[in-house]
Structure formats: structure tokens, C-alpha cells
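Worksheet: the structure to be examined is printed underneath.
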Amino acid sequence: LKDSEEVVMAAVKNSGRALEHASDRLRDSEEVVIAAVKKNVEALMFASDRLKDCEEVVMAAVNKDGRALVYASDRLEDSEEVVMAAVKK
């Protein structure tokens, strides 16, 4: 079930932190991770390193709650655009 996109999508849409229990493959799915962070920005901590460095994913999280910046990659933590979005929330 951890690798079923349908099951995991339903779970993260209910509780973003359910991403913690998803397979590595789904933790690396932009669609799944964005759905999770839209529900709970703390889900970003369970995303793959690749997606923690994906501006689209991180912006989805920081636009909801700027505190999500702590889960982003070092590169994006230093991005002026991302930081500005985070401090506005």
C-alpha cells in the first residue's frame, strides 16, 4: 500500500504527514508531495532530497506557511525568491 499512488494520494489529501509512510518512489513524486504539503507543510520533511531542492514544491509549501523553509535544501534556503515568499507568510 505504501507504493500505491491511489492509496497514498488519498492519505496525504487527508493528512499531509501521511507522506512519512509512503514509499521512496512516491516521496519523489511531485504530484504526491505537492498534495501533501498543501495539506500540511511539515510533509516536506518526508519528501525526497530531489524534491526538497525543487523550487515548485518548496514554493507550494512556503506559500502556505513560511516555516516550511527549514525543510528545503540549502540551495533553496539561500534563494532570495523562496526566502521572500517564506517571510511574507
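Chain labels follow the order of the C-alpha cells: the first chain is A, the next B, and so on; residue numbering restarts at 1 in every chain, and ligands are counted from 1 in their shown order.
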
Just the helix (DSSP H, G or I) stuff from region 18-64 of chain A, please, per backbone DSSP, written as a PyMOL selection string.
chain A and resi 18-21+24-27+30-39+41-46+49-52+55-62

Neighbouring residues of Lys2 (chain A) were defined as those with any atom within 9 Å, considering only C-alpha atoms; residues of the same chain fewer than 3 positions away were excluded. Please report them as a list in words.
Glu5, Val7, Val8, His21, Ala22, Ser23, Asp24 and Leu26 of chain A

Please list as a PyMOL selection string every residue within 9 Å of Val87 (chain A), counting only C-alpha atoms and excluding residues in the same chain fewer than 6 positions away.
chain A and resi 62+65-67

Test item: residues at most 12 Å from Glu81 (chain A), only C-alpha atoms, excluding those fewer than 5 positions along its chain, as an MDAnalysis selection string
chainID A and resid 55:56 58:59 62:63 69 75:76 86:88

Requested write-out: N, CA and C atoms of the selected residues, as a tab-separated table (two decimals), in the first residue's frame:
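File part-v4.tsv, as written:
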chain	number	residue	atom	x	y	z
A	55	GLU	N	12.13	23.94	-6.71
A	55	GLU	CA	11.54	25.23	-6.35
A	55	GLU	C	10.01	25.19	-6.35
A	56	GLU	N	9.41	24.50	-7.28
A	56	GLU	CA	7.95	24.43	-7.35
A	56	GLU	C	7.36	23.80	-6.08
A	58	VAL	N	8.88	23.44	-3.05
A	58	VAL	CA	9.18	24.25	-1.87
A	58	VAL	C	8.32	25.51	-1.84
A	59	MET	N	8.10	26.12	-2.99
A	59	MET	CA	7.25	27.31	-3.04
A	59	MET	C	5.81	26.97	-2.65
A	62	VAL	N	6.11	26.93	1.22
A	62	VAL	CA	6.35	28.21	1.89
A	62	VAL	C	5.25	29.23	1.61
A	63	ASN	N	4.55	29.09	0.49
A	63	ASN	CA	3.43	29.98	0.23
A	63	ASN	C	2.26	29.71	1.17
A	69	LEU	N	10.30	26.55	5.20
A	69	LEU	CA	11.63	26.79	4.64
A	69	LEU	C	12.70	25.93	5.31
A	75	ARG	N	20.32	25.05	-0.96
A	75	ARG	CA	20.30	25.93	-2.13
A	75	ARG	C	19.05	26.80	-2.11
A	76	LEU	N	17.90	26.20	-1.82
A	76	LEU	CA	16.66	26.97	-1.82
A	76	LEU	C	16.50	27.81	-0.56
A	86	ALA	N	8.66	33.05	1.82
A	86	ALA	CA	8.51	32.50	3.17
A	86	ALA	C	8.22	33.59	4.19
A	87	VAL	N	8.93	34.71	4.11
A	87	VAL	CA	8.74	35.75	5.13
A	87	VAL	C	7.41	36.47	4.95
A	88	LYS	N	6.82	36.40	3.77
A	88	LYS	CA	5.50	37.02	3.54
A	88	LYS	C	4.38	36.20	4.17

Considering only C-alpha atoms, state which residue in the set A:Lys13, A:Arg27, A:Tyr71, A:Lys89 is at the smallest distance from Lys39 (chain A).
A:Lys13

Could you please determine the separation between CA of Ser29 (chain A) and CA of Leu51 (chain A) in Å, to one decimal place?
8.0 Å

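The closest residue to Asp53 (chain A), picked from A:Arg25, A:Val12, A:Asn40, A:Val82 and counting only C-alpha atoms, is A:Val82.
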
Contacts of Ile34 (chain A) at 8 Å or less, counting only C-alpha atoms, minus same-chain residues fewer than 6 places along, as a VMD selection string?
chain A and resid 57 60 to 61

Could you write those residues out with N, CA and C atoms, as a PDB file, in the first residue's frame?
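Output below, filename result-v2.pdb:
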ATOM      1  N   VAL A  57       7.970  22.717  -5.625  1.00  0.00           N
ATOM      2  CA  VAL A  57       7.495  22.019  -4.431  1.00  0.00           C
ATOM      3  C   VAL A  57       7.688  22.882  -3.189  1.00  0.00           C
ATOM      4  N   ALA A  60       5.325  25.796  -3.036  1.00  0.00           N
ATOM      5  CA  ALA A  60       3.979  25.377  -2.629  1.00  0.00           C
ATOM      6  C   ALA A  60       3.890  25.322  -1.106  1.00  0.00           C
ATOM      7  N   ALA A  61       4.954  24.867  -0.486  1.00  0.00           N
ATOM      8  CA  ALA A  61       4.969  24.767   0.976  1.00  0.00           C
ATOM      9  C   ALA A  61       5.120  26.137   1.637  1.00  0.00           C
TER      10      ALA A  61
END

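Counting only C-alpha atoms, the residue from A:Val70, A:Val41, A:Val33, A:Leu19 that sits nearest to Cys54 (chain A) is A:Val33.
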
Separation of CA of Arg50 (chain A) from CA of Val83 (chain A), in Å and rounded to one decimal:
18.7 Å

Shortest contact to Ala10 (chain A), candidates A:Ala72, A:Met45, A:Val37, A:Val32, atoms counted only C-alpha atoms, goes to A:Val32

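Relative to CA of Met84 (chain A), CA of Ser48 (chain A) is found at 23.4 Å.
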